[in-house]
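Engineer: So that you have it, the file is structure19.csv, and it contains CSV, C-alpha atoms and all ligand atoms:
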```
chain,number,residue,atom,x,y,z
A,1,SER,CA,0.0,-16.9,-31.9
A,2,ALA,CA,-3.8,-16.8,-31.6
A,3,ALA,CA,-3.7,-20.4,-30.3
A,4,ASP,CA,-1.5,-19.5,-27.4
A,5,LYS,CA,-4.0,-16.8,-26.5
A,6,GLY,CA,-6.7,-19.4,-26.2
A,7,GLY,CA,-9.1,-17.5,-28.4
A,8,TRP,CA,-8.5,-14.2,-26.6
A,9,SER,CA,-7.6,-11.0,-28.4
A,10,SER,CA,-4.5,-10.5,-26.3
A,11,PHE,CA,-2.5,-12.3,-23.6
A,12,MET,CA,-3.6,-9.6,-21.2
A,13,ALA,CA,-7.3,-10.3,-21.9
A,14,LYS,CA,-6.6,-14.0,-21.3
A,15,GLU,CA,-4.6,-13.3,-18.1
A,16,VAL,CA,-7.3,-11.0,-16.6
A,17,SER,CA,-9.8,-13.8,-17.3
A,18,GLU,CA,-7.5,-16.1,-15.3
A,19,GLU,CA,-7.5,-13.9,-12.2
A,20,PRO,CA,-10.0,-16.2,-10.4
A,21,GLU,CA,-7.9,-19.3,-11.0
A,22,ALA,CA,-4.7,-17.4,-10.1
A,23,VAL,CA,-6.1,-16.9,-6.6
A,24,ALA,CA,-7.7,-20.3,-6.3
A,25,LYS,CA,-4.5,-22.2,-7.4
A,26,THR,CA,-2.4,-20.2,-5.1
A,27,VAL,CA,-4.6,-21.1,-2.1
A,28,LEU,CA,-4.8,-24.8,-3.2
A,29,GLY,CA,-3.1,-27.3,-0.9
A,30,ARG,CA,-2.4,-24.6,1.7
A,31,VAL,CA,-5.5,-24.9,3.8
A,32,ARG,CA,-5.8,-27.6,6.4
A,33,ASP,CA,-8.8,-27.9,8.8
A,34,GLY,CA,-9.8,-24.3,8.2
A,35,ALA,CA,-6.3,-22.9,8.9
A,36,VAL,CA,-3.5,-21.9,6.6
A,37,VAL,CA,-0.6,-24.3,6.6
A,38,ILE,CA,1.9,-23.7,3.8
A,39,PRO,CA,3.8,-26.9,3.4
A,40,GLU,CA,6.9,-25.2,2.0
A,41,LEU,CA,7.3,-23.3,5.3
A,42,ASP,CA,7.4,-26.5,7.3
A,43,GLY,CA,10.2,-26.3,9.8
A,44,LEU,CA,10.4,-22.5,9.9
A,45,ASP,CA,8.1,-22.0,13.0
A,46,GLU,CA,11.1,-20.9,15.0
A,47,LEU,CA,12.1,-18.3,12.4
A,48,PHE,CA,8.6,-16.9,12.3
A,49,ALA,CA,8.3,-16.8,16.1
A,50,GLY,CA,11.6,-15.0,16.4
A,51,ILE,CA,11.3,-12.1,13.9
A,52,SER,CA,10.4,-8.7,15.1
A,53,ARG,CA,10.1,-7.0,11.7
A,54,VAL,CA,9.1,-7.7,8.1
A,55,VAL,CA,10.5,-5.7,5.2
A,56,VAL,CA,8.8,-6.3,1.8
A,57,ILE,CA,10.9,-5.5,-1.2
A,58,ALA,CA,9.7,-5.4,-4.8
A,59,CYS,CA,9.4,-3.3,-7.9
A,60,GLY,CA,6.4,-2.1,-10.0
A,61,THR,CA,3.1,-3.9,-9.5
A,62,ALA,CA,4.7,-6.4,-7.1
A,63,ALA,CA,5.5,-3.5,-4.8
A,64,TYR,CA,1.8,-2.5,-4.7
A,65,ALA,CA,0.9,-6.1,-3.8
A,66,GLY,CA,3.4,-5.7,-1.0
A,67,GLN,CA,1.7,-2.5,0.2
A,68,VAL,CA,-1.6,-4.4,0.4
A,69,GLY,CA,0.1,-7.3,2.2
A,70,LYS,CA,1.4,-4.9,4.9
A,71,TYR,CA,-2.1,-4.3,6.1
A,72,ALA,CA,-2.8,-8.0,6.5
A,73,ILE,CA,0.5,-9.0,8.1
A,74,GLU,CA,0.2,-6.2,10.6
A,75,GLN,CA,-3.4,-6.8,11.4
A,76,TRP,CA,-3.2,-10.6,11.6
A,77,ALA,CA,0.3,-11.5,12.5
A,78,ARG,CA,0.9,-8.3,14.5
A,79,ILE,CA,4.4,-7.8,13.1
A,80,PRO,CA,5.5,-4.3,11.9
A,81,VAL,CA,6.0,-4.2,8.1
A,82,ASP,CA,7.8,-1.8,5.9
A,83,VAL,CA,7.4,-1.9,2.2
A,84,GLU,CA,10.3,-0.7,0.1
A,85,LEU,CA,11.1,-0.4,-3.6
A,86,ALA,CA,14.0,-2.8,-4.0
A,87,HIS,CA,16.3,-0.2,-5.7
A,88,GLU,CA,15.7,2.3,-2.9
A,89,PHE,CA,16.2,-0.3,-0.1
A,90,ARG,CA,19.7,-1.3,-1.0
A,91,TYR,CA,21.3,2.0,-1.4
A,92,ARG,CA,20.4,3.7,1.9
A,93,ASP,CA,22.1,1.5,4.6
A,94,PRO,CA,18.8,0.0,6.0
A,95,VAL,CA,18.6,-1.2,9.6
A,96,ILE,CA,18.2,-4.9,9.2
A,97,GLY,CA,19.5,-8.0,11.0
A,98,PRO,CA,18.7,-11.6,12.0
A,99,ASP,CA,15.3,-10.5,13.5
A,100,THR,CA,14.2,-9.1,10.1
A,101,LEU,CA,12.3,-11.2,7.6
A,102,VAL,CA,12.8,-9.7,4.1
A,103,VAL,CA,10.0,-10.8,1.9
A,104,SER,CA,10.7,-10.2,-1.8
A,105,ILE,CA,7.9,-10.3,-4.4
A,106,SER,CA,8.6,-10.9,-8.0
A,107,GLN,CA,6.5,-12.5,-10.7
A,108,SER,CA,9.5,-13.4,-12.9
A,109,GLY,CA,12.0,-14.0,-10.0
A,110,GLU,CA,14.6,-12.4,-12.2
A,111,THR,CA,14.2,-8.7,-11.6
A,112,MET,CA,17.8,-7.5,-11.0
A,113,ASP,CA,16.9,-4.7,-8.6
A,114,THR,CA,15.0,-7.1,-6.4
A,115,LEU,CA,17.6,-9.8,-6.7
A,116,MET,CA,20.4,-7.4,-5.6
A,117,ALA,CA,18.3,-6.3,-2.7
A,118,VAL,CA,17.7,-9.9,-1.6
A,119,LYS,CA,21.4,-10.6,-1.8
A,120,TYR,CA,22.2,-7.5,0.2
A,121,ALA,CA,19.6,-8.4,2.9
A,122,ARG,CA,21.3,-11.9,3.2
A,123,GLU,CA,24.7,-10.3,3.6
A,124,GLN,CA,23.3,-8.2,6.4
A,125,GLY,CA,22.1,-11.3,8.2
A,126,ALA,CA,18.4,-10.9,7.5
A,127,ARG,CA,16.2,-14.0,6.7
A,128,THR,CA,14.8,-14.0,3.3
A,129,LEU,CA,11.5,-15.3,1.8
A,130,SER,CA,10.6,-15.1,-1.8
A,131,ILE,CA,7.1,-14.8,-3.3
A,132,CYS,CA,7.6,-15.8,-6.9
A,133,ASN,CA,5.5,-17.0,-9.8
A,134,THR,CA,8.3,-18.8,-11.7
A,135,GLN,CA,9.6,-22.2,-10.4
A,136,GLY,CA,13.3,-22.3,-9.9
A,137,ALA,CA,14.0,-18.6,-10.8
A,138,THR,CA,17.0,-16.8,-9.4
A,139,ILE,CA,15.4,-14.9,-6.6
A,140,PRO,CA,13.8,-18.0,-4.9
A,141,ARG,CA,17.1,-19.8,-5.3
A,142,GLU,CA,18.9,-17.0,-3.5
A,143,SER,CA,16.3,-17.0,-0.6
A,144,ASP,CA,16.0,-19.0,2.6
A,145,ALA,CA,12.3,-19.9,1.8
A,146,VAL,CA,9.9,-19.5,-1.1
A,147,VAL,CA,6.1,-19.4,-1.4
A,148,TYR,CA,5.2,-19.8,-5.0
A,149,THR,CA,2.2,-18.0,-6.5
A,150,HIS,CA,0.4,-20.3,-9.0
A,151,ALA,CA,-0.9,-17.8,-11.4
A,152,GLY,CA,0.5,-19.7,-14.4
A,153,PRO,CA,2.9,-18.1,-16.9
A,154,GLU,CA,2.2,-14.4,-17.4
A,155,VAL,CA,3.1,-13.2,-20.9
A,156,ALA,CA,1.6,-9.7,-21.2
A,157,VAL,CA,4.2,-7.1,-20.0
A,158,ALA,CA,1.7,-5.4,-17.6
A,159,SER,CA,1.1,-7.7,-14.6
A,160,THR,CA,-2.5,-8.7,-13.8
A,161,LYS,CA,-3.2,-12.2,-12.6
A,162,ALA,CA,0.2,-12.3,-10.9
A,163,PHE,CA,-0.8,-9.3,-8.9
A,164,VAL,CA,-3.9,-11.0,-7.4
A,165,ALA,CA,-1.8,-14.1,-6.8
A,166,GLN,CA,0.9,-12.1,-5.0
A,167,ILE,CA,-1.7,-10.5,-2.6
A,168,THR,CA,-3.1,-14.0,-2.1
A,169,ALA,CA,0.3,-15.4,-1.2
A,170,LEU,CA,0.9,-12.5,1.3
A,171,TYR,CA,-2.4,-13.2,2.9
A,172,LEU,CA,-1.6,-16.9,3.2
A,173,LEU,CA,1.8,-16.0,4.7
A,174,ALA,CA,0.1,-13.6,7.2
A,175,LEU,CA,-2.4,-16.3,8.3
A,176,HIS,CA,0.3,-19.0,8.5
A,177,VAL,CA,2.5,-16.7,10.6
A,178,ALA,CA,-0.5,-15.6,12.7
A,179,ARG,CA,-1.2,-19.3,13.6
A,180,VAL,CA,2.5,-19.9,14.4
A,181,ARG,CA,2.7,-16.8,16.6
A,182,GLY,CA,-0.7,-17.3,18.2
A,183,SER,CA,-1.8,-13.7,17.3
A,184,MET,CA,-5.2,-14.9,16.1
A,185,THR,CA,-7.7,-17.4,17.5
A,186,ALA,CA,-8.4,-20.6,15.4
A,187,GLU,CA,-11.9,-19.1,14.8
A,188,GLN,CA,-10.5,-15.8,13.5
A,189,ILE,CA,-8.1,-17.7,11.2
A,190,ALA,CA,-10.9,-19.9,10.0
A,191,ARG,CA,-13.1,-16.9,9.2
A,192,GLU,CA,-10.4,-15.1,7.2
A,193,THR,CA,-9.3,-18.3,5.4
A,194,HIS,CA,-12.9,-18.9,4.4
A,195,GLU,CA,-13.1,-15.3,3.0
A,196,LEU,CA,-9.9,-15.9,1.0
A,197,GLU,CA,-11.3,-19.1,-0.4
A,198,ALA,CA,-14.4,-17.2,-1.5
A,199,VAL,CA,-12.5,-14.6,-3.5
A,200,PRO,CA,-12.2,-16.5,-6.9
A,201,GLU,CA,-16.0,-16.8,-7.2
A,202,LYS,CA,-16.4,-13.1,-6.5
A,203,ILE,CA,-13.8,-12.1,-9.1
A,204,SER,CA,-15.7,-14.3,-11.6
A,205,THR,CA,-18.8,-12.4,-10.7
A,206,ILE,CA,-17.1,-9.0,-11.5
A,207,LEU,CA,-15.8,-10.3,-14.8
A,208,GLU,CA,-19.3,-11.6,-15.8
A,209,ARG,CA,-21.3,-8.6,-14.7
A,210,GLU,CA,-19.1,-5.6,-15.3
A,211,GLN,CA,-16.5,-6.4,-18.0
A,212,GLU,CA,-18.6,-5.2,-20.9
A,213,ARG,CA,-19.7,-2.0,-19.2
A,214,ILE,CA,-16.2,-1.1,-18.1
A,215,THR,CA,-14.8,-1.8,-21.6
A,216,GLN,CA,-17.5,0.4,-23.1
A,217,LEU,CA,-16.8,3.2,-20.5
A,218,ALA,CA,-13.0,2.9,-21.4
A,219,GLY,CA,-13.9,3.3,-25.0
A,220,TRP,CA,-15.8,6.5,-24.4
A,221,MET,CA,-12.7,7.8,-22.5
A,222,ALA,CA,-10.2,7.1,-25.3
A,223,ASP,CA,-9.4,10.8,-25.7
A,224,THR,CA,-8.8,11.4,-21.9
A,225,ARG,CA,-5.5,13.0,-21.2
A,226,SER,CA,-5.3,12.3,-17.4
A,227,VAL,CA,-7.0,10.1,-14.9
A,228,LEU,CA,-6.7,10.2,-11.1
A,229,PHE,CA,-7.3,7.3,-8.7
A,230,LEU,CA,-8.2,7.7,-5.1
A,231,GLY,CA,-8.3,5.0,-2.4
A,232,ARG,CA,-7.9,4.7,1.3
A,233,HIS,CA,-6.5,1.9,3.6
A,234,VAL,CA,-6.1,-1.2,1.4
A,235,GLY,CA,-7.7,0.8,-1.4
A,236,PHE,CA,-4.7,3.2,-1.6
A,237,PRO,CA,-2.3,0.7,-3.1
A,238,ILE,CA,-5.1,-0.4,-5.5
A,239,ALA,CA,-5.4,3.3,-6.6
A,240,LEU,CA,-1.6,3.2,-7.3
A,241,GLU,CA,-1.9,0.0,-9.2
A,242,GLY,CA,-4.9,1.3,-11.3
A,243,ALA,CA,-2.8,4.4,-12.2
A,244,LEU,CA,0.3,2.3,-13.0
A,245,LYS,CA,-1.6,0.0,-15.3
A,246,LEU,CA,-3.1,2.9,-17.2
A,247,LYS,CA,0.4,4.5,-17.7
A,248,GLU,CA,2.0,1.3,-18.7
A,249,ILE,CA,-0.4,0.3,-21.5
A,250,SER,CA,-2.4,3.4,-22.5
A,251,TYR,CA,0.3,6.0,-22.1
A,252,ILE,CA,-2.1,8.3,-20.3
A,253,HIS,CA,-1.0,10.4,-17.4
A,254,ALA,CA,-2.4,8.8,-14.3
A,255,GLU,CA,-1.8,9.2,-10.6
A,256,GLY,CA,-3.0,7.4,-7.6
A,257,PHE,CA,-3.5,9.1,-4.2
A,258,ALA,CA,-4.5,8.3,-0.7
A,259,ALA,CA,-8.0,9.7,-0.5
A,260,GLY,CA,-7.1,11.4,2.8
A,261,GLU,CA,-4.3,13.3,1.2
A,262,LEU,CA,-6.7,15.0,-1.3
A,263,LYS,CA,-7.1,18.2,0.8
A,264,HIS,CA,-3.3,18.3,1.3
A,265,GLY,CA,-2.6,18.9,-2.4
A,266,PRO,CA,-4.1,16.8,-5.1
A,267,ILE,CA,-7.5,18.5,-4.9
A,268,ALA,CA,-5.9,21.4,-6.7
A,269,LEU,CA,-5.8,19.2,-9.8
A,270,ILE,CA,-9.5,18.8,-10.0
A,271,GLU,CA,-11.1,20.8,-12.8
A,272,PRO,CA,-14.4,20.3,-14.6
A,273,GLY,CA,-14.4,17.0,-16.5
A,274,GLN,CA,-11.4,15.5,-14.8
A,275,PRO,CA,-12.0,11.7,-14.5
A,276,VAL,CA,-11.4,10.3,-11.0
A,277,PHE,CA,-11.8,6.7,-10.0
A,278,VAL,CA,-12.6,6.3,-6.3
A,279,ILE,CA,-12.4,3.0,-4.5
A,280,VAL,CA,-14.9,3.2,-1.7
A,281,PRO,CA,-14.4,1.0,1.4
A,282,SER,CA,-17.3,-1.0,2.6
A,283,PRO,CA,-19.6,0.8,5.1
A,284,ARG,CA,-20.0,-2.5,7.0
A,285,ASP,CA,-16.4,-2.6,8.1
A,286,SER,CA,-15.9,1.0,9.1
A,287,THR,CA,-18.6,3.6,8.7
A,288,LEU,CA,-15.9,6.2,9.6
A,289,LEU,CA,-13.6,5.3,6.7
A,290,HIS,CA,-16.5,4.8,4.3
A,291,ASP,CA,-18.0,8.2,5.1
A,292,LYS,CA,-14.7,10.0,4.8
A,293,VAL,CA,-14.2,8.6,1.3
A,294,VAL,CA,-17.8,9.5,0.4
A,295,SER,CA,-17.2,13.1,1.6
A,296,ASN,CA,-14.0,13.1,-0.6
A,297,ILE,CA,-16.3,12.2,-3.5
A,298,GLN,CA,-18.6,15.1,-2.7
A,299,GLU,CA,-15.6,17.5,-2.6
A,300,ILE,CA,-14.3,16.5,-6.0
A,301,ARG,CA,-17.8,16.3,-7.5
A,302,ALA,CA,-18.5,19.8,-6.4
A,303,ARG,CA,-15.4,20.9,-8.4
A,304,GLY,CA,-16.7,19.3,-11.5
A,305,ALA,CA,-14.8,15.9,-11.4
A,306,ARG,CA,-16.2,13.1,-13.4
A,307,VAL,CA,-16.5,10.5,-10.7
A,308,ILE,CA,-16.3,6.8,-11.3
A,309,VAL,CA,-16.8,4.9,-8.2
A,310,ILE,CA,-15.9,1.3,-7.3
A,311,ALA,CA,-18.2,0.3,-4.4
A,312,GLU,CA,-19.7,-2.8,-2.9
A,313,GLU,CA,-23.1,-4.0,-4.0
A,314,GLY,CA,-25.9,-2.3,-2.1
A,315,ASP,CA,-23.9,0.8,-1.1
A,316,ALA,CA,-26.4,3.5,-2.2
A,317,SER,CA,-24.6,6.4,-0.4
A,318,VAL,CA,-22.4,6.9,-3.5
A,319,LEU,CA,-25.2,7.2,-6.1
A,320,PRO,CA,-26.0,10.9,-5.8
A,321,PHE,CA,-22.4,11.9,-6.3
A,322,SER,CA,-21.2,9.5,-9.0
A,323,ASP,CA,-21.3,9.5,-12.8
A,324,GLU,CA,-20.6,5.7,-12.9
A,325,VAL,CA,-20.7,3.1,-10.2
A,326,LEU,CA,-18.9,-0.2,-10.7
A,327,ARG,CA,-20.0,-2.9,-8.3
A,328,ILE,CA,-17.9,-5.4,-6.4
A,329,PRO,CA,-19.4,-8.3,-4.3
A,330,LEU,CA,-19.4,-8.0,-0.5
A,331,ALA,CA,-16.2,-9.1,1.2
A,332,GLY,CA,-14.3,-8.5,4.4
A,333,ALA,CA,-12.3,-5.3,4.5
A,334,LEU,CA,-9.0,-6.8,3.7
A,335,PHE,CA,-10.4,-8.7,0.7
A,336,GLU,CA,-11.7,-5.7,-1.1
A,337,PRO,CA,-8.4,-5.0,-2.9
A,338,LEU,CA,-8.5,-8.4,-4.6
A,339,LEU,CA,-11.9,-7.4,-6.1
A,340,ALA,CA,-11.5,-3.7,-6.6
A,341,VAL,CA,-8.4,-4.1,-8.8
A,342,VAL,CA,-10.3,-6.2,-11.3
A,343,PRO,CA,-12.4,-3.3,-12.8
A,344,LEU,CA,-9.2,-1.2,-13.0
A,345,HIS,CA,-7.3,-3.9,-14.9
A,346,ILE,CA,-10.3,-4.2,-17.3
A,347,PHE,CA,-10.5,-0.4,-17.7
A,348,ALA,CA,-6.8,0.0,-18.5
A,349,MET,CA,-7.0,-2.8,-21.1
A,350,GLY,CA,-10.2,-1.4,-22.6
A,351,LEU,CA,-8.7,2.1,-22.9
A,352,ALA,CA,-5.5,0.9,-24.5
A,353,THR,CA,-7.5,-1.2,-26.9
A,354,ALA,CA,-9.7,1.7,-27.8
A,355,LYS,CA,-6.6,3.7,-28.6
A,356,GLY,CA,-5.5,0.9,-30.9
A,357,LEU,CA,-2.4,0.1,-28.8
A,358,ASP,CA,-0.8,-3.3,-28.4
A,359,VAL,CA,-1.7,-4.1,-24.8
A,360,ASP,CA,0.7,-7.0,-24.5
A,361,GLN,CA,3.8,-5.2,-25.7
A,362,PRO,CA,3.7,-1.6,-24.5
A,363,ARG,CA,6.5,0.7,-25.7
A,364,ASN,CA,9.7,1.1,-23.7
A,365,LEU,CA,8.8,-1.7,-21.2
A,366,ALA,CA,10.1,-5.2,-20.7
A,367,LYS,CA,8.4,-8.0,-18.9
A,368,SER,CA,11.3,-8.6,-16.7
A,369,VAL,CA,14.0,-6.0,-16.2
A,370,THR,CA,17.3,-8.0,-15.7
A,371,VAL,CA,19.6,-5.0,-15.5
A,372,GLU,CA,20.0,-2.7,-12.5
B,1,LIG,C1,8.7,-4.7,-14.9
B,1,LIG,C2,7.3,-5.0,-15.5
B,1,LIG,C3,6.3,-4.7,-14.5
B,1,LIG,C4,6.6,-5.6,-13.2
B,1,LIG,C5,8.0,-5.3,-12.7
B,1,LIG,C6,8.3,-6.3,-11.6
B,1,LIG,O1,8.9,-3.4,-14.7
B,1,LIG,O2,7.1,-4.1,-16.6
B,1,LIG,O3,5.0,-5.1,-15.0
B,1,LIG,O4,5.6,-5.3,-12.2
B,1,LIG,O5,8.9,-5.4,-13.7
B,1,LIG,O6,8.5,-7.5,-12.1
B,1,LIG,P1,8.6,-8.8,-11.3
B,1,LIG,O7,8.9,-9.9,-12.3
B,1,LIG,O8,9.8,-8.7,-10.4
B,1,LIG,O9,7.4,-9.0,-10.5
```
Let me see the structure of the file written as structure tokens.
Ligand code: G6P
Structural biologist:
Amino acid sequence: SAADKGGWSSFMAKEVSEEPEAVAKTVLGRVRDGAVVIPELDGLDELFAGISRVVVIACGTAAYAGQVGKYAIEQWARIPVDVELAHEFRYRDPVIGPDTLVVSISQSGETMDTLMAVKYAREQGARTLSICNTQGATIPRESDAVVYTHAGPEVAVASTKAFVAQITALYLLALHVARVRGSMTAEQIARETHELEAVPEKISTILEREQERITQLAGWMADTRSVLFLGRHVGFPIALEGALKLKEISYIHAEGFAAGELKHGPIALIEPGQPVFVIVPSPRDSTLLHDKVVSNIQEIRARGARVIVIAEEGDASVLPFSDEVLRIPLAGALFEPLLAVVPLHIFAMGLATAKGLDVDQPRNLAKSVTVE
């Protein structure tokens, strides 16, 4: 009912508006003296000290959160991470054992593909940790440990606020493990923790400043037949998530690519008028990475692409080659995905709405897929 939606036109609109709180509430109670201490993981220091590998398993949007988390776990905790679709993991005799921590990610905690992969991992002697948004769900009950995301109940089929909460939980886990393993100094941990705590405010800024403009842009694009998304580094899984969201609720063909892969194939798709979203990494973190993505933009622009750029405030380098620039506040490199995804969620919602579709109940999809 309208009351459940709290005055919003859809659950999805309400849930996107709750993205700042989803992050804030997931961090709440897990920072002590500038360091991340997750109380639920008390007593597991030995486990974290002893693992030599992390395998993240999930499906759909949760798997893209996992792909973002890989960068943080490797950079901060210095443990190699593989991210696998749960349904692929289980059926190919993966090499796992007691030194493997299998981290499952599931909003519902009931996705059958993910649950079966967790059970399989346990049978193989791996340790299991669940990142879940639903208290007492099956997957956390079947796992050795659980870190709950506190996004609140998510009703719309397409996941939004749970996604940012999942990335947040993975970052908390990475910082917790980094402290236990001593892979970062206290100062480094404090700096990244502070960055994480600053994210909710920055998401609010995007919602306040850009929501209307993005929705309008999506409205103009209601007849678009295909949209491409490019990203690099942590922007790559965000490109995949932007494409998935568009497919799920607007039924438009959409694909996400690693920007560096463009010249190895996808550039053949570019023809005049083809809309392409490009997530541009901050020039402050890596000029090299930034400049490579800007040169990708030039290449597709030269072939007539309609370029919609997501870039940090003040980055003027993109202006000459973009049709639209959506701004995100300044943040450390690993925190950009938590910001860059927000315009993409708004865009998918705006486009589906402009097409007159039910954004909460897309055709053929279920919120939680409880069959294999
Ligand atoms: C379904 C939903 C997706 C979701 C995926 C994983 O396919 O339609 O939106 O990302 O399941 O769900 P989970 O509850 O495991 O995060």
Engineer: What is the distance, in Å and to one decimal place, between atom CA of A:Val342 and atom CA of A:Pro20?
Structural biologist: 10.0 Å
Engineer: Give me the chain A side of the contact with ligand LIG 1 (chain B), cut-off 8 Å, one line per residue showing its nearest atom pair and distance in Å at one decimal, counting all atoms listed in the file, sorted by chain and residue number, as a Markdown table.
Structural biologist:
```
| residue | atom | partner | partner_atom | distance |
| --- | --- | --- | --- | --- |
| A:Ala58 | CA | B:LIG1 | O8 | 6.5 |
| A:Cys59 | CA | B:LIG1 | C6 | 4.9 |
| A:Gly60 | CA | B:LIG1 | O4 | 4.0 |
| A:Thr61 | CA | B:LIG1 | O4 | 3.9 |
| A:Ala62 | CA | B:LIG1 | O9 | 5.1 |
| A:Ala63 | CA | B:LIG1 | O4 | 7.6 |
| A:Ile105 | CA | B:LIG1 | O9 | 6.3 |
| A:Ser106 | CA | B:LIG1 | O9 | 3.4 |
| A:Gln107 | CA | B:LIG1 | O9 | 3.6 |
| A:Ser108 | CA | B:LIG1 | O7 | 3.6 |
| A:Gly109 | CA | B:LIG1 | O7 | 5.6 |
| A:Glu110 | CA | B:LIG1 | O7 | 6.2 |
| A:Thr111 | CA | B:LIG1 | O8 | 4.6 |
| A:Thr114 | CA | B:LIG1 | O8 | 6.8 |
| A:Cys132 | CA | B:LIG1 | O9 | 7.7 |
| A:Val157 | CA | B:LIG1 | O2 | 5.4 |
| A:Ala158 | CA | B:LIG1 | O3 | 4.2 |
| A:Ser159 | CA | B:LIG1 | O3 | 4.7 |
| A:Ala162 | CA | B:LIG1 | O9 | 7.9 |
| A:Glu248 | CA | B:LIG1 | O2 | 7.7 |
| A:Leu365 | CA | B:LIG1 | O2 | 5.5 |
| A:Ala366 | CA | B:LIG1 | O2 | 5.2 |
| A:Lys367 | CA | B:LIG1 | C2 | 4.7 |
| A:Ser368 | CA | B:LIG1 | O5 | 5.0 |
| A:Val369 | CA | B:LIG1 | C1 | 5.6 |
```
Engineer: For the residues selected in the previous step, produce a file with C-alpha atoms as a PDB file, keeping the file's coordinate frame.
Structural biologist:
```
ATOM      1  CA  ALA A  58       9.700  -5.400  -4.800  1.00  0.00           C
ATOM      2  CA  CYS A  59       9.400  -3.300  -7.900  1.00  0.00           C
ATOM      3  CA  GLY A  60       6.400  -2.100 -10.000  1.00  0.00           C
ATOM      4  CA  THR A  61       3.100  -3.900  -9.500  1.00  0.00           C
ATOM      5  CA  ALA A  62       4.700  -6.400  -7.100  1.00  0.00           C
ATOM      6  CA  ALA A  63       5.500  -3.500  -4.800  1.00  0.00           C
ATOM      7  CA  ILE A 105       7.900 -10.300  -4.400  1.00  0.00           C
ATOM      8  CA  SER A 106       8.600 -10.900  -8.000  1.00  0.00           C
ATOM      9  CA  GLN A 107       6.500 -12.500 -10.700  1.00  0.00           C
ATOM     10  CA  SER A 108       9.500 -13.400 -12.900  1.00  0.00           C
ATOM     11  CA  GLY A 109      12.000 -14.000 -10.000  1.00  0.00           C
ATOM     12  CA  GLU A 110      14.600 -12.400 -12.200  1.00  0.00           C
ATOM     13  CA  THR A 111      14.200  -8.700 -11.600  1.00  0.00           C
ATOM     14  CA  THR A 114      15.000  -7.100  -6.400  1.00  0.00           C
ATOM     15  CA  CYS A 132       7.600 -15.800  -6.900  1.00  0.00           C
ATOM     16  CA  VAL A 157       4.200  -7.100 -20.000  1.00  0.00           C
ATOM     17  CA  ALA A 158       1.700  -5.400 -17.600  1.00  0.00           C
ATOM     18  CA  SER A 159       1.100  -7.700 -14.600  1.00  0.00           C
ATOM     19  CA  ALA A 162       0.200 -12.300 -10.900  1.00  0.00           C
ATOM     20  CA  GLU A 248       2.000   1.300 -18.700  1.00  0.00           C
ATOM     21  CA  LEU A 365       8.800  -1.700 -21.200  1.00  0.00           C
ATOM     22  CA  ALA A 366      10.100  -5.200 -20.700  1.00  0.00           C
ATOM     23  CA  LYS A 367       8.400  -8.000 -18.900  1.00  0.00           C
ATOM     24  CA  SER A 368      11.300  -8.600 -16.700  1.00  0.00           C
ATOM     25  CA  VAL A 369      14.000  -6.000 -16.200  1.00  0.00           C
TER      26      VAL A 369
END
```
Engineer: Atom CA of A:Ser204 and atom CA of A:Lys14, how far apart in Å?
Structural biologist: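 Straight-line distance from atom CA of A:Lys14 to atom CA of A:Ser204 works out to 13.3 Å.
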Engineer: Which of these residues is nearest to A:Glu192, using only C-alpha atoms: A:Ser295, A:Asn133, A:Ser17, A:Gln75?
Structural biologist: A:Gln75
Engineer: Step by step: start from the point (-0.6, -6.6, -28.1) in the file's coordinates, keep every protein, DNA or RNA residue that has an atom no farther than 12 Å from it, count only C-alpha atoms, and write the set as a list in words.
Structural biologist: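 Counting only C-alpha atoms, I find these residues within 12 Å of (-0.6, -6.6, -28.1): Ser1, Ala2, Lys5, Trp8, Ser9, Ser10, Phe11, Met12, Ala13, Lys14, Val155, Ala156, Val157, Ala158, Ile249, Ser250, Met349, Ala352, Thr353, Lys355, Gly356, Leu357, Asp358, Val359, Asp360, Gln361, Pro362 and Arg363 of chain A.
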Engineer: If you count all atoms listed in the file, which residues fall within 9 Å of stretch 49-53 of chain A, apart from same-chain ones fewer than 2 positions away, as a ChimeraX atom specification?
Structural biologist: /A:44-47,55,79-82,96,98-102,127,177,180-181
Engineer: Could you save the residues just selected, with C-alpha atoms, as a short mmCIF file (atom, residue, chain, number, x, y, z; two decimals), in the frame of the given file?
Structural biologist:
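File written: selection-v8.cif
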```
data_model
loop_
_atom_site.label_atom_id
_atom_site.label_comp_id
_atom_site.auth_asym_id
_atom_site.auth_seq_id
_atom_site.Cartn_x
_atom_site.Cartn_y
_atom_site.Cartn_z
CA LEU A 44 10.40 -22.50 9.90
CA ASP A 45 8.10 -22.00 13.00
CA GLU A 46 11.10 -20.90 15.00
CA LEU A 47 12.10 -18.30 12.40
CA VAL A 55 10.50 -5.70 5.20
CA ILE A 79 4.40 -7.80 13.10
CA PRO A 80 5.50 -4.30 11.90
CA VAL A 81 6.00 -4.20 8.10
CA ASP A 82 7.80 -1.80 5.90
CA ILE A 96 18.20 -4.90 9.20
CA PRO A 98 18.70 -11.60 12.00
CA ASP A 99 15.30 -10.50 13.50
CA THR A 100 14.20 -9.10 10.10
CA LEU A 101 12.30 -11.20 7.60
CA VAL A 102 12.80 -9.70 4.10
CA ARG A 127 16.20 -14.00 6.70
CA VAL A 177 2.50 -16.70 10.60
CA VAL A 180 2.50 -19.90 14.40
CA ARG A 181 2.70 -16.80 16.60
#
```
Engineer: What separation in Å, quoted to one decimal, exists between atom CA of A:Asp315 and atom CA of A:Val293?
Structural biologist: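 Distance reported for this atom pair: 12.7 Å.
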Engineer: Just want the 9 Å neighbourhood of A:Ile214, counted on all atoms listed in the file, with same-chain residues fewer than 4 positions away dropped. Output as a PyMOL selection string.
Structural biologist: chain A and resi 210+218-219+326+343-344+346-347+350
